[in-house]
file run.txt (compact mmCIF, C-alpha atoms)
# COMPACT_ATOMS: atom_id res chain seq x y z
CA MET A 14 41.61 40.04 -55.88
CA LYS A 15 38.64 39.82 -58.16
CA LEU A 16 36.13 37.07 -58.10
CA THR A 17 35.07 35.99 -61.47
CA ASN A 18 31.74 34.45 -62.23
CA LYS A 19 33.31 31.00 -62.36
CA ASN A 20 34.80 31.44 -58.89
CA LYS A 21 31.49 32.75 -57.55
CA TYR A 22 29.64 29.76 -58.99
CA LEU A 23 32.29 27.45 -57.59
CA LEU A 24 32.01 28.96 -54.11
CA VAL A 25 28.20 28.79 -54.15
CA GLY A 26 28.39 25.21 -55.43
CA VAL A 27 30.77 24.16 -52.64
CA VAL A 28 28.50 25.71 -50.00
CA ALA A 29 25.40 24.10 -51.57
CA LEU A 30 27.10 20.68 -51.76
CA SER A 31 28.21 21.02 -48.14
CA LEU A 32 24.66 21.77 -47.04
CA LEU A 33 23.27 18.99 -49.20
CA SER A 34 25.80 16.43 -47.93
CA TYR A 35 25.03 17.44 -44.33
CA ARG A 36 21.31 17.09 -44.93
CA LEU A 37 21.57 13.76 -46.72
CA ALA A 38 24.40 11.99 -44.92
CA ILE A 39 25.58 13.55 -41.69
CA HIS A 40 22.15 14.48 -40.33
CA ASN A 41 20.84 10.93 -40.86
CA THR A 42 23.98 9.46 -39.33
CA LEU A 43 23.59 11.57 -36.19
CA ALA A 44 19.91 10.59 -35.89
CA VAL A 45 20.73 6.88 -36.23
CA ARG A 46 23.56 7.25 -33.68
CA GLU A 47 21.17 8.81 -31.13
CA GLU A 48 18.66 6.01 -31.70
CA PHE A 49 21.45 3.44 -31.22
CA TYR A 50 22.42 4.86 -27.82
CA ASN A 51 18.76 4.93 -26.74
CA ASN A 52 18.42 1.27 -27.71
CA LEU A 53 21.58 0.43 -25.76
CA GLU A 54 20.07 1.96 -22.62
CA LYS A 55 16.87 -0.04 -23.16
CA LYS A 56 18.89 -3.21 -23.64
CA GLU A 57 20.74 -2.65 -20.36
CA SER A 58 17.49 -2.12 -18.48
CA ILE A 59 15.96 -5.25 -20.04
CA ALA A 60 19.05 -7.34 -19.22
CA ASN A 61 18.22 -7.05 -15.49
CA LEU A 62 14.55 -7.95 -16.02
CA PRO A 63 14.76 -11.67 -15.00
CA GLY A 64 16.40 -10.72 -11.70
CA GLN A 65 13.74 -8.12 -11.00
CA LEU A 66 11.02 -10.58 -11.95
CA SER A 67 12.31 -13.23 -9.53
CA MET A 68 12.58 -10.61 -6.75
CA LEU A 69 8.96 -9.57 -7.36
CA GLY A 70 7.88 -13.21 -7.27
CA GLN A 71 9.61 -13.72 -3.92
CA LYS A 72 8.06 -10.51 -2.59
CA GLU A 73 4.61 -11.67 -3.69
CA LYS A 74 5.07 -15.02 -1.92
CA THR A 75 6.21 -13.24 1.25
CA LEU A 76 3.24 -10.88 1.21
CA ASP A 77 0.82 -13.75 0.56
CA ALA A 78 2.28 -15.63 3.53
CA GLN A 79 1.88 -12.54 5.71
CA LEU A 80 -1.74 -12.12 4.60
CA LEU A 81 -2.45 -15.76 5.43
CA ALA A 82 -0.80 -15.31 8.84
CA LEU A 83 -2.95 -12.26 9.53
CA ASN A 84 -6.07 -14.16 8.39
CA VAL A 85 -7.24 -11.39 6.09
CA GLY A 86 -9.79 -12.56 3.53
CA ASN A 87 -11.47 -10.86 0.61
CA SER A 88 -14.26 -9.30 2.64
CA SER A 89 -14.28 -5.88 4.27
CA LEU A 90 -12.15 -4.90 7.22
CA GLN A 91 -15.17 -4.61 9.49
CA ASN A 92 -16.28 -8.16 8.65
CA ASN A 93 -12.76 -9.47 9.24
CA LEU A 94 -12.60 -7.65 12.57
CA LEU A 95 -15.94 -9.06 13.67
CA LYS A 96 -14.94 -12.58 12.59
CA PHE A 97 -11.65 -12.36 14.49
CA LEU A 98 -13.37 -10.88 17.53
CA ASN A 99 -15.97 -13.67 17.54
CA GLN A 100 -13.25 -16.33 17.41
CA GLU A 101 -11.31 -14.80 20.28
CA ALA A 102 -14.44 -14.09 22.32
CA SER A 103 -15.66 -17.68 22.05
CA LYS A 104 -12.19 -18.95 22.93
CA ASN A 105 -12.02 -16.74 26.06
CA ARG A 106 -15.71 -17.01 27.13
CA VAL A 107 -16.48 -13.33 26.44
CA LYS A 108 -19.71 -11.96 24.98
CA ILE A 109 -19.80 -9.22 22.38
CA ILE A 110 -22.57 -6.91 23.52
CA ASP A 111 -22.30 -4.09 20.97
CA PHE A 112 -20.42 -3.69 17.69
CA ASN A 113 -21.48 -0.73 15.55
CA SER A 114 -20.19 0.82 12.35
CA PRO A 115 -16.95 2.76 12.78
CA HIS A 116 -16.69 6.45 13.54
CA VAL A 117 -14.60 8.04 10.76
CA VAL A 118 -12.58 11.23 11.24
CA GLU A 119 -10.70 12.97 8.43
CA ALA A 120 -7.26 14.17 9.60
CA GLU A 121 -4.32 15.85 7.85
CA LYS A 122 -2.36 12.62 7.58
CA GLY A 123 -5.33 10.45 6.51
CA THR A 124 -8.52 9.06 7.97
CA ILE A 125 -8.93 7.54 11.42
CA GLU A 126 -11.58 4.89 11.93
CA THR A 127 -12.67 4.21 15.51
CA HIS A 128 -14.63 1.03 16.26
CA ILE A 129 -16.52 1.10 19.58
CA ILE A 130 -16.96 -2.39 20.98
CA HIS A 131 -18.69 -3.46 24.21
CA LEU A 132 -17.60 -6.77 25.74
CA GLU A 133 -18.92 -8.71 28.73
CA GLY A 134 -17.07 -11.35 30.72
CA GLY A 135 -14.35 -11.88 33.26
CA TYR A 136 -11.54 -9.36 33.68
CA THR A 137 -8.72 -11.64 32.55
CA ASP A 138 -10.84 -13.10 29.75
CA ILE A 139 -11.55 -9.63 28.36
CA LEU A 140 -7.86 -8.72 28.61
CA LYS A 141 -6.86 -11.91 26.77
CA THR A 142 -9.33 -11.09 23.99
CA LEU A 143 -8.07 -7.53 23.69
CA ASN A 144 -4.44 -8.66 23.72
CA ALA A 145 -5.14 -11.04 20.84
CA LEU A 146 -7.05 -8.31 19.01
CA GLU A 147 -4.19 -5.85 19.25
CA ASN A 148 -1.24 -8.21 18.76
CA LYS A 149 -2.44 -11.02 16.48
CA GLY A 150 -4.61 -9.03 14.12
CA SER A 151 -3.70 -5.94 12.17
CA TYR A 152 -6.86 -4.11 13.09
CA GLY A 153 -5.37 -1.10 14.85
CA ALA A 154 -4.56 -0.02 18.39
CA ILE A 155 -6.74 0.27 21.44
CA SER A 156 -7.02 3.95 22.26
CA HIS A 157 -9.48 3.72 25.16
CA LEU A 158 -10.60 0.99 27.53
CA ALA A 159 -13.16 1.44 30.28
CA PHE A 160 -14.35 -1.29 32.63
CA GLU A 161 -17.71 -1.00 34.36
CA LYS A 162 -19.19 -3.32 36.97
CA LYS A 163 -22.94 -3.67 36.47
CA LYS A 164 -25.65 -5.43 38.42
CA ASN A 165 -28.80 -7.05 37.12
CA HIS A 166 -31.35 -6.35 39.85
CA ARG A 167 -33.80 -9.01 38.71
CA SER A 168 -31.33 -11.87 38.92
CA LYS A 169 -29.12 -10.13 41.52
CA ARG A 170 -26.10 -10.99 39.40
CA THR A 171 -23.08 -8.72 38.85
CA TYR A 172 -21.06 -8.71 35.68
CA LEU A 173 -18.21 -6.78 34.12
CA GLN A 174 -18.50 -4.83 30.89
CA ALA A 175 -15.69 -3.23 28.92
CA GLU A 176 -16.01 -0.41 26.43
CA VAL A 177 -13.17 -0.54 23.88
CA PHE A 178 -12.20 2.09 21.31
CA LEU A 179 -10.16 0.46 18.56
CA GLN A 180 -8.50 3.01 16.23
CA GLN A 181 -7.08 2.35 12.82
CA LYS A 182 -5.25 4.94 10.73
CA ARG A 183 -5.52 4.81 6.96
call {"tool": "encode", "arguments": {"input": "run.txt", "output": "structure tokens"}}
result
Amino acid sequence: MKLTNKNKYLLVGVVALSLLSYRLAIHNTLAVREEFYNNLEKKESIANLPGQLSMLGQKEKTLDAQLLALNVGNSSLQNNLLKFLNQEASKNRVKIIDFNSPHVVEAEKGTIETHIIHLEGGYTDILKTLNALENKGSYGAISHLAFEKKKNHRSKRTYLQAEVFLQQKR
């Protein structure tokens, strides 16, 4: 079987037309088809957008209500803690003797801030203040509490002081 020049040209022409038709028609069709399926996926994700938006709105309202319940303002945590402590101390007739800046320790799981607070007052009044501090506010947990009975020799008056370590993990 001999191939003549006409048959060779015909065979090359068929191959060239096949490549040209693939490049012009089929390749573009496949690209448009891929883009279509990508757009379908985007459309499906956008279709659920109003539901997600309403869920986020409800979540925002819930979190705002929780922040209002915890009485957390825009100021720093230390200012909020001192404000809360002053309110509870005045309510329970307790004096805040010492409130310094927190002691910060870097740990593997984050930082630990320890506030050292000295209170003066009656035993039950101090306990009421500390209970409110630990349960009503989100200021951390009491890690150490030491009571000390002191006497003022000039006025011959005894009083009770409490040293409180309040830890908060961040």
call {"tool": "closest_residue", "arguments": {"input": "run.txt", "among": "A:Glu126, A:Glu73, A:Glu133, A:Asp111", "to": "Gln180 of chain A", "atoms": "all atoms listed in the file"}}
result
A:Glu126
call {"tool": "residues_around", "arguments": {"input": "run.txt", "residues": "Thr124 of chain A", "least_positions_apart": "6", "cutoff": "6 Å", "atoms": "only C-alpha atoms", "output": "ChimeraX atom specification"}}
result
/A:118,182-183
call {"tool": "write_last_selection", "arguments": {"input": "run.txt", "atoms": "C-alpha atoms", "output": "PDB file, in the frame of the given file"}}
result
ATOM      1  CA  VAL A 118     -12.580  11.230  11.240  1.00  0.00           C
ATOM      2  CA  LYS A 182      -5.250   4.940  10.730  1.00  0.00           C
ATOM      3  CA  ARG A 183      -5.520   4.810   6.960  1.00  0.00           C
TER       4      ARG A 183
END
call {"tool": "closest_residue", "arguments": {"input": "run.txt", "among": "A:Gly150, A:Val28, A:Ala120, A:Leu37", "to": "Phe97 of chain A", "atoms": "all atoms listed in the file"}}
result
A:Gly150
call {"tool": "atom_distance", "arguments": {"input": "run.txt", "atom1": "atom CA of Lys164 of chain A", "atom2": "atom CA of Thr142 of chain A"}}
result
22.5 Å
call {"tool": "residues_near_point", "arguments": {"input": "run.txt", "point": "(-17.0, -2.5, 33.7)", "cutoff": "7 Å", "atoms": "all atoms listed in the file", "output": "ChimeraX atom specification"}}
result
/A:159-163,173-175
call {"tool": "closest_residue", "arguments": {"input": "run.txt", "among": "A:Gln65, A:Leu146, A:Ala78, A:Gly70", "to": "Gln100 of chain A", "atoms": "all atoms listed in the file"}}
result
A:Leu146
call {"tool": "decode", "arguments": {"input": "run.txt", "residues": "segment 123-146 of chain A", "atoms": "N, CA and C atoms", "output": "mmCIF file, in the first residue's frame"}}
result
data_model
loop_
_atom_site.group_PDB
_atom_site.id
_atom_site.type_symbol
_atom_site.label_atom_id
_atom_site.label_comp_id
_atom_site.auth_asym_id
_atom_site.auth_seq_id
_atom_site.Cartn_x
_atom_site.Cartn_y
_atom_site.Cartn_z
ATOM 1 N N GLY A 123 -0.555 30.338 77.263
ATOM 2 C CA GLY A 123 -0.965 31.740 77.224
ATOM 3 C C GLY A 123 -0.376 32.480 78.406
ATOM 4 N N THR A 124 -0.887 33.670 78.643
ATOM 5 C CA THR A 124 -0.392 34.467 79.760
ATOM 6 C C THR A 124 -1.352 34.371 80.935
ATOM 7 N N ILE A 125 -0.786 34.494 82.133
ATOM 8 C CA ILE A 125 -1.576 34.482 83.360
ATOM 9 C C ILE A 125 -1.322 35.802 84.072
ATOM 10 N N GLU A 126 -2.389 36.546 84.296
ATOM 11 C CA GLU A 126 -2.302 37.799 85.033
ATOM 12 C C GLU A 126 -2.806 37.559 86.449
ATOM 13 N N THR A 127 -2.034 37.986 87.433
ATOM 14 C CA THR A 127 -2.419 37.830 88.830
ATOM 15 C C THR A 127 -2.531 39.216 89.466
ATOM 16 N N HIS A 128 -3.733 39.562 89.890
ATOM 17 C CA HIS A 128 -3.983 40.819 90.596
ATOM 18 C C HIS A 128 -3.907 40.522 92.091
ATOM 19 N N ILE A 129 -3.116 41.293 92.828
ATOM 20 C CA ILE A 129 -3.010 41.146 94.275
ATOM 21 C C ILE A 129 -3.782 42.298 94.912
ATOM 22 N N ILE A 130 -4.804 41.940 95.678
ATOM 23 C CA ILE A 130 -5.717 42.920 96.250
ATOM 24 C C ILE A 130 -5.737 42.727 97.765
ATOM 25 N N HIS A 131 -5.678 43.809 98.503
ATOM 26 C CA HIS A 131 -5.778 43.775 99.967
ATOM 27 C C HIS A 131 -7.082 44.447 100.360
ATOM 28 N N LEU A 132 -7.898 43.731 101.132
ATOM 29 C CA LEU A 132 -9.194 44.229 101.578
ATOM 30 C C LEU A 132 -9.220 44.286 103.097
ATOM 31 N N GLU A 133 -10.040 45.191 103.636
ATOM 32 C CA GLU A 133 -10.190 45.314 105.082
ATOM 33 C C GLU A 133 -11.668 45.430 105.406
ATOM 34 N N GLY A 134 -12.103 44.640 106.396
ATOM 35 C CA GLY A 134 -13.500 44.671 106.801
ATOM 36 C C GLY A 134 -13.836 43.440 107.609
ATOM 37 N N GLY A 135 -15.129 43.196 107.748
ATOM 38 C CA GLY A 135 -15.594 42.021 108.467
ATOM 39 C C GLY A 135 -15.418 40.760 107.623
ATOM 40 N N TYR A 136 -15.364 39.616 108.322
ATOM 41 C CA TYR A 136 -15.109 38.346 107.650
ATOM 42 C C TYR A 136 -16.194 38.038 106.619
ATOM 43 N N THR A 137 -17.440 38.102 107.012
ATOM 44 C CA THR A 137 -18.525 37.776 106.082
ATOM 45 C C THR A 137 -18.646 38.825 104.976
ATOM 46 N N ASP A 138 -18.340 40.077 105.310
ATOM 47 C CA ASP A 138 -18.408 41.134 104.298
ATOM 48 C C ASP A 138 -17.337 40.921 103.221
ATOM 49 N N ILE A 139 -16.150 40.535 103.637
ATOM 50 C CA ILE A 139 -15.080 40.253 102.679
ATOM 51 C C ILE A 139 -15.458 39.050 101.822
ATOM 52 N N LEU A 140 -16.014 38.013 102.442
ATOM 53 C CA LEU A 140 -16.418 36.826 101.677
ATOM 54 C C LEU A 140 -17.525 37.145 100.674
ATOM 55 N N LYS A 141 -18.465 37.998 101.053
ATOM 56 C CA LYS A 141 -19.522 38.400 100.119
ATOM 57 C C LYS A 141 -18.935 39.146 98.927
ATOM 58 N N THR A 142 -17.972 40.022 99.196
ATOM 59 C CA THR A 142 -17.327 40.779 98.120
ATOM 60 C C THR A 142 -16.577 39.844 97.178
ATOM 61 N N LEU A 143 -15.842 38.898 97.755
ATOM 62 C CA LEU A 143 -15.080 37.961 96.922
ATOM 63 C C LEU A 143 -15.989 37.021 96.147
ATOM 64 N N ASN A 144 -17.109 36.623 96.754
ATOM 65 C CA ASN A 144 -18.059 35.773 96.040
ATOM 66 C C ASN A 144 -18.625 36.509 94.835
ATOM 67 N N ALA A 145 -18.979 37.767 95.012
ATOM 68 C CA ALA A 145 -19.497 38.555 93.887
ATOM 69 C C ALA A 145 -18.414 38.743 92.828
ATOM 70 N N LEU A 146 -17.183 38.954 93.260
ATOM 71 C CA LEU A 146 -16.075 39.146 92.327
ATOM 72 C C LEU A 146 -15.854 37.917 91.464
#
